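See below for final36.txt, which holds compact mmCIF, C-alpha atoms.
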```txt
# COMPACT_ATOMS: atom_id res chain seq x y z
CA MET C 26 60.75 124.22 75.71
CA GLY C 27 62.13 121.42 73.58
CA GLU C 28 61.08 118.04 74.90
CA PRO C 29 62.76 115.38 72.75
CA PRO C 30 61.41 111.83 73.09
CA GLU C 31 63.24 109.36 75.35
CA ASN C 32 66.57 108.14 73.98
CA PHE C 33 66.50 110.80 71.28
CA SER C 34 69.60 111.32 69.18
CA MET C 35 70.78 112.24 65.74
CA VAL C 36 72.02 109.24 63.75
CA TRP C 37 73.17 110.94 60.57
CA LYS C 38 72.30 113.88 58.38
CA GLY C 39 68.52 113.75 58.09
CA ILE C 40 68.10 110.71 60.36
CA TYR C 41 67.03 110.75 64.03
CA ARG C 42 66.26 107.95 66.50
CA SER C 43 64.25 107.72 69.72
CA GLY C 44 61.83 105.77 71.84
CA PHE C 45 58.08 106.01 71.18
CA PRO C 46 57.25 109.73 70.98
CA ALA C 47 54.73 110.65 73.65
CA ARG C 48 52.11 113.29 72.96
CA ARG C 49 54.15 115.92 74.76
CA ASN C 50 57.09 115.20 72.43
CA LEU C 51 55.18 115.88 69.21
CA PRO C 52 55.82 119.65 69.09
CA PHE C 53 59.56 118.90 69.31
CA LEU C 54 59.32 116.75 66.18
CA ARG C 55 57.86 119.75 64.39
CA THR C 56 60.69 122.02 65.53
CA ILE C 57 63.30 119.70 64.02
CA GLY C 58 61.28 119.55 60.80
CA VAL C 59 60.63 115.79 60.77
CA ARG C 60 59.06 114.79 57.45
CA SER C 61 58.64 111.04 58.08
CA VAL C 62 58.35 108.76 61.09
CA LEU C 63 59.63 105.21 60.63
CA CYS C 64 57.91 103.11 63.28
CA LEU C 65 59.25 99.63 64.01
CA CYS C 66 56.38 98.58 66.29
CA PRO C 67 53.64 96.36 64.83
CA GLU C 68 50.89 97.86 66.99
CA GLU C 69 48.40 100.40 65.68
CA TYR C 70 49.53 103.98 66.01
CA PRO C 71 47.71 106.24 68.51
CA ASP C 72 44.98 108.27 66.82
CA SER C 73 46.04 111.55 68.41
CA SER C 74 49.56 111.17 66.98
CA LEU C 75 48.17 110.26 63.57
CA ALA C 76 46.09 113.42 63.58
CA PHE C 77 49.16 115.45 64.53
CA PHE C 78 51.21 113.86 61.75
CA GLU C 79 48.48 114.50 59.21
CA SER C 80 48.04 118.14 60.12
CA ASN C 81 51.82 118.64 60.00
CA GLY C 82 52.45 116.79 56.75
CA ILE C 83 54.46 114.05 58.44
CA ALA C 84 54.33 110.64 56.73
CA LEU C 85 54.08 107.55 58.93
CA ILE C 86 56.00 104.59 57.55
CA GLN C 87 55.45 101.45 59.56
CA HIS C 88 57.73 98.43 59.30
CA GLY C 89 56.49 96.71 62.43
CA MET C 90 58.24 93.72 63.97
CA ASP C 91 58.88 92.08 67.30
CA GLY C 92 62.30 92.52 68.85
CA ASN C 93 64.86 89.75 69.23
CA LYS C 94 64.32 87.68 72.34
CA ALA C 95 66.98 85.78 74.23
CA PRO C 96 67.26 82.11 73.10
CA ASP C 97 65.93 80.90 76.44
CA ASP C 98 62.81 83.01 76.07
CA ARG C 99 59.92 80.66 75.18
CA THR C 100 58.11 83.37 73.23
CA GLY C 101 61.34 83.52 71.18
CA ALA C 102 60.56 86.05 68.44
CA PHE C 103 63.30 87.14 66.11
CA MET C 104 63.55 90.17 63.91
CA ALA C 105 63.11 89.61 60.19
CA PRO C 106 66.22 90.73 58.27
CA GLU C 107 64.09 91.50 55.20
CA ILE C 108 62.01 94.00 57.15
CA VAL C 109 65.20 95.60 58.45
CA ALA C 110 66.50 95.75 54.87
CA ARG C 111 63.31 97.53 53.81
CA ALA C 112 63.62 99.94 56.72
CA ILE C 113 67.18 100.74 55.62
CA GLY C 114 65.74 101.41 52.17
CA VAL C 115 63.56 104.08 53.77
CA LEU C 116 66.61 105.64 55.44
CA LEU C 117 68.60 105.62 52.19
CA ASP C 118 65.75 107.38 50.41
CA GLU C 119 66.42 111.08 50.95
CA SER C 120 62.86 112.02 50.05
CA THR C 121 61.89 110.73 53.52
CA HIS C 122 64.36 113.02 55.31
CA PRO C 123 64.38 114.26 57.99
CA VAL C 124 63.15 110.89 59.25
CA LEU C 125 62.72 109.72 62.85
CA ILE C 126 63.23 106.00 63.54
CA HIS C 127 61.54 104.74 66.67
CA CYS C 128 60.33 101.58 68.38
CA ASN C 129 59.12 101.45 71.97
CA GLN C 130 62.21 102.24 74.05
CA GLY C 131 64.57 103.20 71.24
CA LYS C 132 66.95 100.51 72.44
CA HIS C 133 66.54 97.15 70.75
CA ARG C 134 64.73 97.27 67.40
CA THR C 135 65.96 100.80 66.74
CA GLY C 136 69.43 99.80 67.94
CA CYS C 137 69.46 96.82 65.56
CA LEU C 138 68.34 98.95 62.63
CA VAL C 139 70.94 101.63 63.33
CA GLY C 140 73.57 98.91 63.81
CA CYS C 141 72.71 97.44 60.39
CA LEU C 142 72.83 100.94 58.90
CA ARG C 143 76.35 101.35 60.31
CA LYS C 144 77.31 98.13 58.52
CA VAL C 145 76.04 99.66 55.29
CA GLN C 146 78.17 102.71 56.13
CA ARG C 147 81.08 100.31 56.79
CA TRP C 148 81.67 101.37 60.37
CA SER C 149 83.93 99.13 62.44
CA SER C 150 82.10 96.54 64.57
CA VAL C 151 83.61 98.05 67.72
CA ALA C 152 82.07 101.46 67.04
CA THR C 153 78.78 99.89 65.93
CA PHE C 154 78.43 97.73 69.05
CA GLU C 155 79.53 100.59 71.32
CA GLU C 156 76.76 102.75 69.89
CA TYR C 157 74.19 99.98 70.37
CA ARG C 158 75.22 99.63 74.02
CA ARG C 159 75.14 103.36 74.62
CA PHE C 160 71.40 103.39 73.99
CA ALA C 161 70.52 99.95 75.37
CA GLY C 162 72.52 100.38 78.58
CA ALA C 163 71.86 97.60 81.08
CA LYS C 164 69.21 96.20 78.70
CA ALA C 165 71.73 95.33 75.96
CA ARG C 166 70.99 91.96 74.33
CA LEU C 167 73.64 89.71 72.85
CA VAL C 168 71.07 88.41 70.34
CA ASP C 169 70.78 91.94 69.00
CA LEU C 170 74.54 92.22 68.54
CA GLN C 171 74.48 88.84 66.84
CA PHE C 172 71.65 90.00 64.59
CA ILE C 173 73.72 93.00 63.53
CA GLU C 174 76.81 90.86 63.00
CA LEU C 175 74.96 88.41 60.78
CA PHE C 176 72.97 91.00 58.83
CA ASP C 177 73.81 90.84 55.13
CA THR C 178 74.12 94.42 53.87
CA ALA C 179 73.67 93.28 50.27
CA THR C 180 69.97 92.72 51.02
CA ALA C 181 69.67 96.38 51.96
CA LEU C 182 71.29 97.57 48.75
CA GLN C 183 68.90 96.15 46.17
CA PRO C 184 67.83 98.28 43.20
CA PRO C 185 64.91 100.62 43.97
CA GLN C 186 61.41 99.21 43.87
CA ARG C 187 59.75 102.62 43.82
CA ALA C 188 59.89 105.07 40.95
CA ASN C 189 60.27 108.14 43.16
CA SER C 190 62.89 106.91 45.60
CA ARG C 191 66.00 109.05 45.90
CA PRO C 192 69.06 107.26 47.29
CA SER C 193 70.99 109.15 49.94
CA GLY C 194 74.30 109.95 48.32
CA LYS C 195 75.44 111.78 51.44
CA LEU C 196 74.96 108.73 53.61
CA LEU C 197 76.64 106.27 51.31
CA ALA C 198 79.39 108.60 50.22
CA GLN C 199 80.92 108.08 53.65
CA SER C 200 81.27 104.34 53.22
CA GLU C 201 82.61 104.73 49.72
CA LEU C 202 85.22 107.19 50.85
CA SER C 203 86.24 105.22 53.89
CA ASP C 204 87.95 102.46 51.95
CA GLY C 205 87.91 103.82 48.45
CA ARG C 206 85.62 101.08 47.12
CA GLN C 207 82.24 101.72 45.54
CA PRO C 208 79.47 99.63 47.15
CA PRO C 209 78.04 97.38 44.42
CA THR C 210 74.52 98.68 43.98
CA ALA C 211 74.52 101.50 46.50
CA ARG C 212 74.10 104.43 44.14
CA GLN C 213 71.00 102.91 42.60
CA ALA C 214 69.82 101.83 46.04
CA ALA C 215 66.98 102.42 48.45
CA ALA C 216 64.83 99.33 48.65
CA SER C 217 61.35 100.14 49.79
CA GLY C 218 58.92 97.29 49.92
CA PRO C 219 55.37 96.60 50.98
CA GLY C 220 54.26 97.47 54.47
CA ALA C 221 54.84 101.16 54.06
CA THR C 222 51.83 103.28 54.82
CA ALA C 223 51.59 107.02 54.56
CA ALA C 224 49.50 108.95 57.03
CA ALA C 225 49.96 112.16 55.15
CA MET U 20 86.49 100.67 56.93
CA GLY U 21 85.10 103.55 58.94
CA GLU U 22 86.66 103.75 62.39
CA PRO U 23 84.96 106.54 64.32
CA PRO U 24 86.69 107.69 67.52
CA GLU U 25 85.48 106.36 70.87
CA ASN U 26 82.11 107.74 72.00
CA PHE U 27 81.51 109.23 68.57
CA SER U 28 78.10 110.66 67.81
CA MET U 29 76.33 113.37 65.89
CA VAL U 30 75.13 116.20 68.13
CA TRP U 31 73.33 118.38 65.60
CA LYS U 32 73.58 119.36 61.97
CA GLY U 33 77.27 120.09 61.42
CA ILE U 34 78.32 119.16 64.98
CA TYR U 35 79.91 115.88 66.10
CA ARG U 36 81.34 114.74 69.45
CA SER U 37 83.80 112.06 70.52
CA GLY U 38 86.69 111.08 72.72
CA PHE U 39 90.26 111.97 71.70
CA PRO U 40 90.69 110.86 68.08
CA ALA U 41 93.47 108.29 67.83
CA ARG U 42 95.68 108.21 64.75
CA ARG U 43 93.68 105.37 63.28
CA ASN U 44 90.50 107.49 63.53
CA LEU U 45 91.84 110.39 61.47
CA PRO U 46 90.80 109.02 58.05
CA PHE U 47 87.23 108.73 59.37
CA LEU U 48 87.22 112.44 60.19
CA ARG U 49 88.09 113.11 56.59
CA THR U 50 85.25 110.93 55.30
CA ILE U 51 82.70 112.92 57.29
CA GLY U 52 84.20 116.14 55.98
CA VAL U 53 85.24 117.65 59.33
CA ARG U 54 86.38 121.25 58.84
CA SER U 55 87.27 122.10 62.47
CA VAL U 56 88.23 120.23 65.60
CA LEU U 57 87.26 121.85 68.89
CA CYS U 58 89.55 120.35 71.52
CA LEU U 59 88.69 120.85 75.19
CA CYS U 60 91.95 119.44 76.55
CA PRO U 61 94.65 121.89 77.68
CA GLU U 62 97.53 119.62 76.66
CA GLU U 63 99.52 120.14 73.48
CA TYR U 64 98.13 118.37 70.46
CA PRO U 65 100.04 115.41 68.99
CA ASP U 66 102.28 116.46 66.10
CA SER U 67 101.13 113.68 63.81
CA SER U 68 97.50 114.78 64.17
CA LEU U 69 98.47 118.41 63.59
CA ALA U 70 100.19 117.42 60.38
CA PHE U 71 97.10 115.48 59.30
CA PHE U 72 94.85 118.43 60.06
CA GLU U 73 97.08 120.80 58.16
CA SER U 74 97.28 118.65 55.06
CA ASN U 75 93.50 118.19 55.12
CA GLY U 76 92.58 121.81 55.76
CA ILE U 77 91.14 121.07 59.20
CA ALA U 78 91.35 123.94 61.71
CA LEU U 79 92.23 123.09 65.31
CA ILE U 80 90.42 125.28 67.82
CA GLN U 81 91.59 124.67 71.35
CA HIS U 82 89.60 125.80 74.38
CA GLY U 83 91.46 123.69 76.90
CA MET U 84 90.27 123.22 80.46
CA ASP U 85 90.31 120.70 83.28
CA GLY U 86 87.13 118.75 83.93
CA ASN U 87 84.94 119.18 87.00
CA LYS U 88 86.16 117.13 89.92
CA ALA U 89 84.01 115.83 92.74
CA PRO U 90 83.96 118.19 95.76
CA ASP U 91 85.87 115.65 97.86
CA ASP U 92 88.68 115.53 95.31
CA ARG U 93 91.65 117.52 96.73
CA THR U 94 92.83 118.53 93.28
CA GLY U 95 89.33 120.04 92.89
CA ALA U 96 89.43 121.72 89.48
CA PHE U 97 86.25 123.18 88.03
CA MET U 98 85.40 124.05 84.51
CA ALA U 99 85.33 127.74 83.63
CA PRO U 100 81.88 128.78 82.37
CA GLU U 101 83.43 131.53 80.27
CA ILE U 102 85.53 129.00 78.33
CA VAL U 103 82.41 126.89 77.80
CA ALA U 104 80.60 130.01 76.58
CA ARG U 105 83.40 130.64 74.08
CA ALA U 106 83.29 127.03 72.94
CA ILE U 107 79.53 127.38 72.34
CA GLY U 108 80.36 130.44 70.28
CA VAL U 109 82.49 128.19 68.06
CA LEU U 110 79.58 125.77 67.67
CA LEU U 111 77.14 128.56 66.83
CA ASP U 112 79.50 129.83 64.14
CA GLU U 113 78.56 127.87 61.03
CA SER U 114 81.82 128.71 59.31
CA THR U 115 83.42 126.10 61.59
CA HIS U 116 81.04 123.33 60.49
CA PRO U 117 81.28 120.40 60.31
CA VAL U 118 83.02 120.64 63.68
CA LEU U 119 84.10 117.80 65.99
CA ILE U 120 84.06 118.51 69.74
CA HIS U 121 86.32 116.26 71.77
CA CYS U 122 88.07 115.98 75.11
CA ASN U 123 89.82 112.85 76.35
CA GLN U 124 87.02 110.33 76.82
CA GLY U 125 84.18 112.31 75.27
CA LYS U 126 82.29 111.98 78.53
CA HIS U 127 82.77 114.83 80.98
CA ARG U 128 84.04 118.05 79.39
CA THR U 129 82.37 117.23 76.08
CA GLY U 130 79.24 116.14 77.95
CA CYS U 131 79.16 119.45 79.84
CA LEU U 132 79.62 121.47 76.67
CA VAL U 133 76.89 119.56 74.83
CA GLY U 134 74.64 119.87 77.89
CA CYS U 135 75.12 123.65 77.90
CA LEU U 136 74.44 123.71 74.17
CA ARG U 137 71.15 121.89 74.82
CA LYS U 138 70.27 124.64 77.28
CA VAL U 139 70.87 127.18 74.52
CA GLN U 140 68.59 125.05 72.33
CA ARG U 141 66.07 125.06 75.21
CA TRP U 142 65.92 121.28 75.61
CA SER U 143 64.24 119.98 78.76
CA SER U 144 66.61 119.17 81.63
CA VAL U 145 65.43 115.55 81.59
CA ALA U 146 66.52 115.05 77.98
CA THR U 147 69.74 117.01 78.54
CA PHE U 148 70.77 114.97 81.58
CA GLU U 149 69.74 111.69 79.93
CA GLU U 150 72.02 112.49 77.03
CA TYR U 151 74.90 113.36 79.37
CA ARG U 152 74.47 110.01 81.15
CA ARG U 153 74.26 108.07 77.91
CA PHE U 154 77.84 109.03 77.11
CA ALA U 155 79.27 109.13 80.64
CA GLY U 156 77.73 105.79 81.68
CA ALA U 157 79.03 104.60 85.04
CA LYS U 158 81.43 107.58 85.08
CA ALA U 159 78.63 110.18 85.28
CA ARG U 160 79.46 113.03 87.69
CA LEU U 161 76.86 114.95 89.62
CA VAL U 162 79.13 118.03 89.54
CA ASP U 163 78.86 117.97 85.77
CA LEU U 164 75.07 117.91 85.89
CA GLN U 165 75.22 120.74 88.40
CA PHE U 166 77.55 122.67 86.11
CA ILE U 167 75.05 122.32 83.26
CA GLU U 168 72.16 123.29 85.51
CA LEU U 169 73.91 126.45 86.72
CA PHE U 170 75.29 127.48 83.33
CA ASP U 171 73.93 130.87 82.27
CA THR U 172 73.09 130.65 78.57
CA ALA U 173 73.10 134.43 78.27
CA THR U 174 76.91 134.33 78.51
CA ALA U 175 76.98 132.12 75.41
CA LEU U 176 74.79 134.47 73.40
CA GLN U 177 76.92 137.62 73.40
CA PRO U 178 77.34 139.66 70.22
CA PRO U 179 80.10 138.37 67.92
CA GLN U 180 83.68 139.35 68.68
CA ARG U 181 84.92 138.29 65.28
CA ALA U 182 84.07 140.03 62.02
CA ASN U 183 83.74 136.84 59.99
CA SER U 184 81.67 134.73 62.39
CA ARG U 185 78.43 133.36 60.98
CA PRO U 186 75.81 132.42 63.60
CA SER U 187 74.10 129.08 63.10
CA GLY U 188 70.51 129.96 62.32
CA LYS U 189 69.67 126.29 61.89
CA LEU U 190 70.77 125.47 65.38
CA LEU U 191 69.02 128.33 67.10
CA ALA U 192 65.91 128.16 64.97
CA GLN U 193 64.99 125.06 66.93
CA SER U 194 64.95 126.84 70.25
CA GLU U 195 63.07 129.77 68.81
CA LEU U 196 60.43 127.51 67.35
CA SER U 197 60.11 125.37 70.43
CA ASP U 198 58.38 128.02 72.48
CA GLY U 199 57.80 130.74 69.93
CA ARG U 200 60.13 133.22 71.64
CA GLN U 201 63.12 134.80 69.98
CA PRO U 202 66.30 134.42 72.04
CA PRO U 203 67.52 137.91 72.90
CA THR U 204 70.79 138.19 71.05
CA ALA U 205 70.93 134.79 69.41
CA ARG U 206 70.78 135.86 65.79
CA GLN U 207 73.74 138.17 66.20
CA ALA U 208 75.48 135.57 68.30
CA ALA U 209 78.59 133.41 68.26
CA ALA U 210 81.05 134.59 70.84
CA SER U 211 84.56 133.58 70.02
CA GLY U 212 87.28 134.77 72.27
CA PRO U 213 90.99 134.39 72.78
CA GLY U 214 92.50 130.94 73.05
CA ALA U 215 91.46 129.88 69.57
CA THR U 216 94.30 128.72 67.40
CA ALA U 217 94.09 127.59 63.83
CA ALA U 218 96.33 124.82 62.60
CA ALA U 219 95.21 125.27 59.03
```

With the file now loaded, output its structure as structure tokens.
Amino acid sequence: MGEPPENFSMVWKGIYRSGFPARRNLPFLRTIGVRSVLCLCPEEYPDSSLAFFESNGIALIQHGMDGNKAPDDRTGAFMAPEIVARAIGVLLDESTHPVLIHCNQGKHRTGCLVGCLRKVQRWSSVATFEEYRRFAGAKARLVDLQFIELFDTATALQPPQRANSRPSGKLLAQSELSDGRQPPTARQAAASGPGATAAA
Amino acid sequence: MGEPPENFSMVWKGIYRSGFPARRNLPFLRTIGVRSVLCLCPEEYPDSSLAFFESNGIALIQHGMDGNKAPDDRTGAFMAPEIVARAIGVLLDESTHPVLIHCNQGKHRTGCLVGCLRKVQRWSSVATFEEYRRFAGAKARLVDLQFIELFDTATALQPPQRANSRPSGKLLAQSELSDGRQPPTARQAAASGPGATAAA
């Protein structure tokens, strides 16, 4: 039986999202042919999952960060836009596809990343925020919506920093078509910076 | 700018879902290359949308039905499993892809259809019901969950009734892989019955 991870969904061709995949969800990732896992948590990855990834040729790409906290939260961490930009670079690089984005619950960090991706795709804010709320439910955070609103998509569309990166024409074609304009550096795109580690 | 319809999401490769596409959402459907629209509402389709579909080569496939009503609702309509089975046949037929499923809000009828599709894909009930609730939110109906639970997937996997139907191997491959069993008649599948009308 297929047991997708919590909050699992398809984001776009070749891109999935979810909460942290539990051990019992790993076979499902194999059935959908996941080639890379983009983890947004800074913590070390469980050994048993690493072994599964390795034996199934799945690359682990970790761009770990803390989620946005409400302004009145004393621990007040905020997500780093440059890490989000790098994570978008991973998504734009078709050689990583099919890729699964996940954080812990698949609500906040994942929701922010997908929200910023929708900006790159030039989705309306209404649709972008609705999608964020669909996954965050009662745990929706205004700081996350603000983060998405303020995110500068130009930082996610820098020229490639890796020789073998392949920008996702399919993904960006949508935004180009939607208003007829060509995004400035999109076709050359797919920023991928330091912090990426491959388990396989 | 991309303006997806309300409750828009990707269901699977080549399958999207949403609420009723408003006029302002039609250009978005073109950008994602929609080839067919599977409408679950029984009402007549707006003329302006029909004209748009026709000029963009989009086929309208209508399997209209009323949604499930709560048992204490005097008007008490219930969805017809055989119409849902036919609608699944449309989804399994790759020649319709990319296809957009929609009803009015993209919550109940669409949620039931996608839930039944997840059964065909052999997803766990937990994941299937979680997905239903994600789109229905506060409007979730227990009768819908019950409908999904009682739906007999065998009815959706009848041999094809159309010469040119092409079953979606990609879609069913997942369920085959997930527990190693071959679904009985899946590979020959894609039931498509009366009620289908093509606008283009």

Using only C-alpha atoms, can you tell me which of C:Val109, C:Lys164, C:Leu85, C:Gly44 comes closest to C:Val124?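 Of C:Val109, C:Lys164, C:Leu85, C:Gly44, the one nearest C:Val124 is C:Leu85, counting only C-alpha atoms.
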
Select, as a CSV table (one decimal) with C-alpha atoms, keeping the file's coordinate frame, those residues of chain U with any atom no more than 8 Å from chain C (distances computed using only C-alpha atoms).
```csv
chain,number,residue,atom,x,y,z
U,20,MET,CA,86.5,100.7,56.9
U,21,GLY,CA,85.1,103.6,58.9
U,22,GLU,CA,86.7,103.8,62.4
U,23,PRO,CA,85.0,106.5,64.3
U,24,PRO,CA,86.7,107.7,67.5
U,25,GLU,CA,85.5,106.4,70.9
U,26,ASN,CA,82.1,107.7,72.0
U,27,PHE,CA,81.5,109.2,68.6
U,28,SER,CA,78.1,110.7,67.8
U,29,MET,CA,76.3,113.4,65.9
U,30,VAL,CA,75.1,116.2,68.1
U,31,TRP,CA,73.3,118.4,65.6
U,32,LYS,CA,73.6,119.4,62.0
U,46,PRO,CA,90.8,109.0,58.0
U,47,PHE,CA,87.2,108.7,59.4
U,50,THR,CA,85.2,110.9,55.3
U,51,ILE,CA,82.7,112.9,57.3
U,140,GLN,CA,68.6,125.0,72.3
U,141,ARG,CA,66.1,125.1,75.2
U,142,TRP,CA,65.9,121.3,75.6
U,143,SER,CA,64.2,120.0,78.8
U,146,ALA,CA,66.5,115.0,78.0
U,149,GLU,CA,69.7,111.7,79.9
U,150,GLU,CA,72.0,112.5,77.0
U,153,ARG,CA,74.3,108.1,77.9
U,154,PHE,CA,77.8,109.0,77.1
U,156,GLY,CA,77.7,105.8,81.7
U,193,GLN,CA,65.0,125.1,66.9
U,194,SER,CA,65.0,126.8,70.2
U,196,LEU,CA,60.4,127.5,67.4
U,197,SER,CA,60.1,125.4,70.4
U,198,ASP,CA,58.4,128.0,72.5
```

C:Gly136: which residues within 10 Å, counting only C-alpha atoms, same-chain residues fewer than 3 positions away excluded, as a ChimeraX atom specification? /C:42-43,126-128,130-133,139-142,153-154,156-161,165,169-170,173

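Atom CA of C:Phe172 lies 22.5 Å from atom CA of C:Ile86.
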
I want to know what sits within 9 Å of U:Arg42, based on all atoms listed in the file, with residues of the same chain fewer than 3 positions away left out; could you give that as a PyMOL selection string? chain U and resi 45-46+67-68

Computed interatomic separation between atom CA of C:Asp118 and atom CA of C:Ala47 (Å): 25.9 Å

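As for atom CA of U:Ala157 and atom CA of U:Met98, they are spaced 20.5 Å apart.
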
For a cutoff of 9 Å around the file-coordinate point (67.0, 90.1, 69.4), which residues qualify once you count all atoms listed in the file? I'd like the result as a VMD selection string. chain C and resid 91 to 96 101 to 104 133 to 134 137 166 to 172

For the selection you just gave me, I'd like the residues written to a file as a CSV table (one decimal), in the coordinates of the input, keeping C-alpha atoms.
```csv
chain,number,residue,atom,x,y,z
C,91,ASP,CA,58.9,92.1,67.3
C,92,GLY,CA,62.3,92.5,68.8
C,93,ASN,CA,64.9,89.8,69.2
C,94,LYS,CA,64.3,87.7,72.3
C,95,ALA,CA,67.0,85.8,74.2
C,96,PRO,CA,67.3,82.1,73.1
C,101,GLY,CA,61.3,83.5,71.2
C,102,ALA,CA,60.6,86.0,68.4
C,103,PHE,CA,63.3,87.1,66.1
C,104,MET,CA,63.6,90.2,63.9
C,133,HIS,CA,66.5,97.2,70.8
C,134,ARG,CA,64.7,97.3,67.4
C,137,CYS,CA,69.5,96.8,65.6
C,166,ARG,CA,71.0,92.0,74.3
C,167,LEU,CA,73.6,89.7,72.8
C,168,VAL,CA,71.1,88.4,70.3
C,169,ASP,CA,70.8,91.9,69.0
C,170,LEU,CA,74.5,92.2,68.5
C,171,GLN,CA,74.5,88.8,66.8
C,172,PHE,CA,71.6,90.0,64.6
```

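Distance annotation: of U:Pro40, U:Thr174, U:Val109, U:Pro100, the residue with the minimal separation from U:Gln81 is U:Val109; atom set is only C-alpha atoms.
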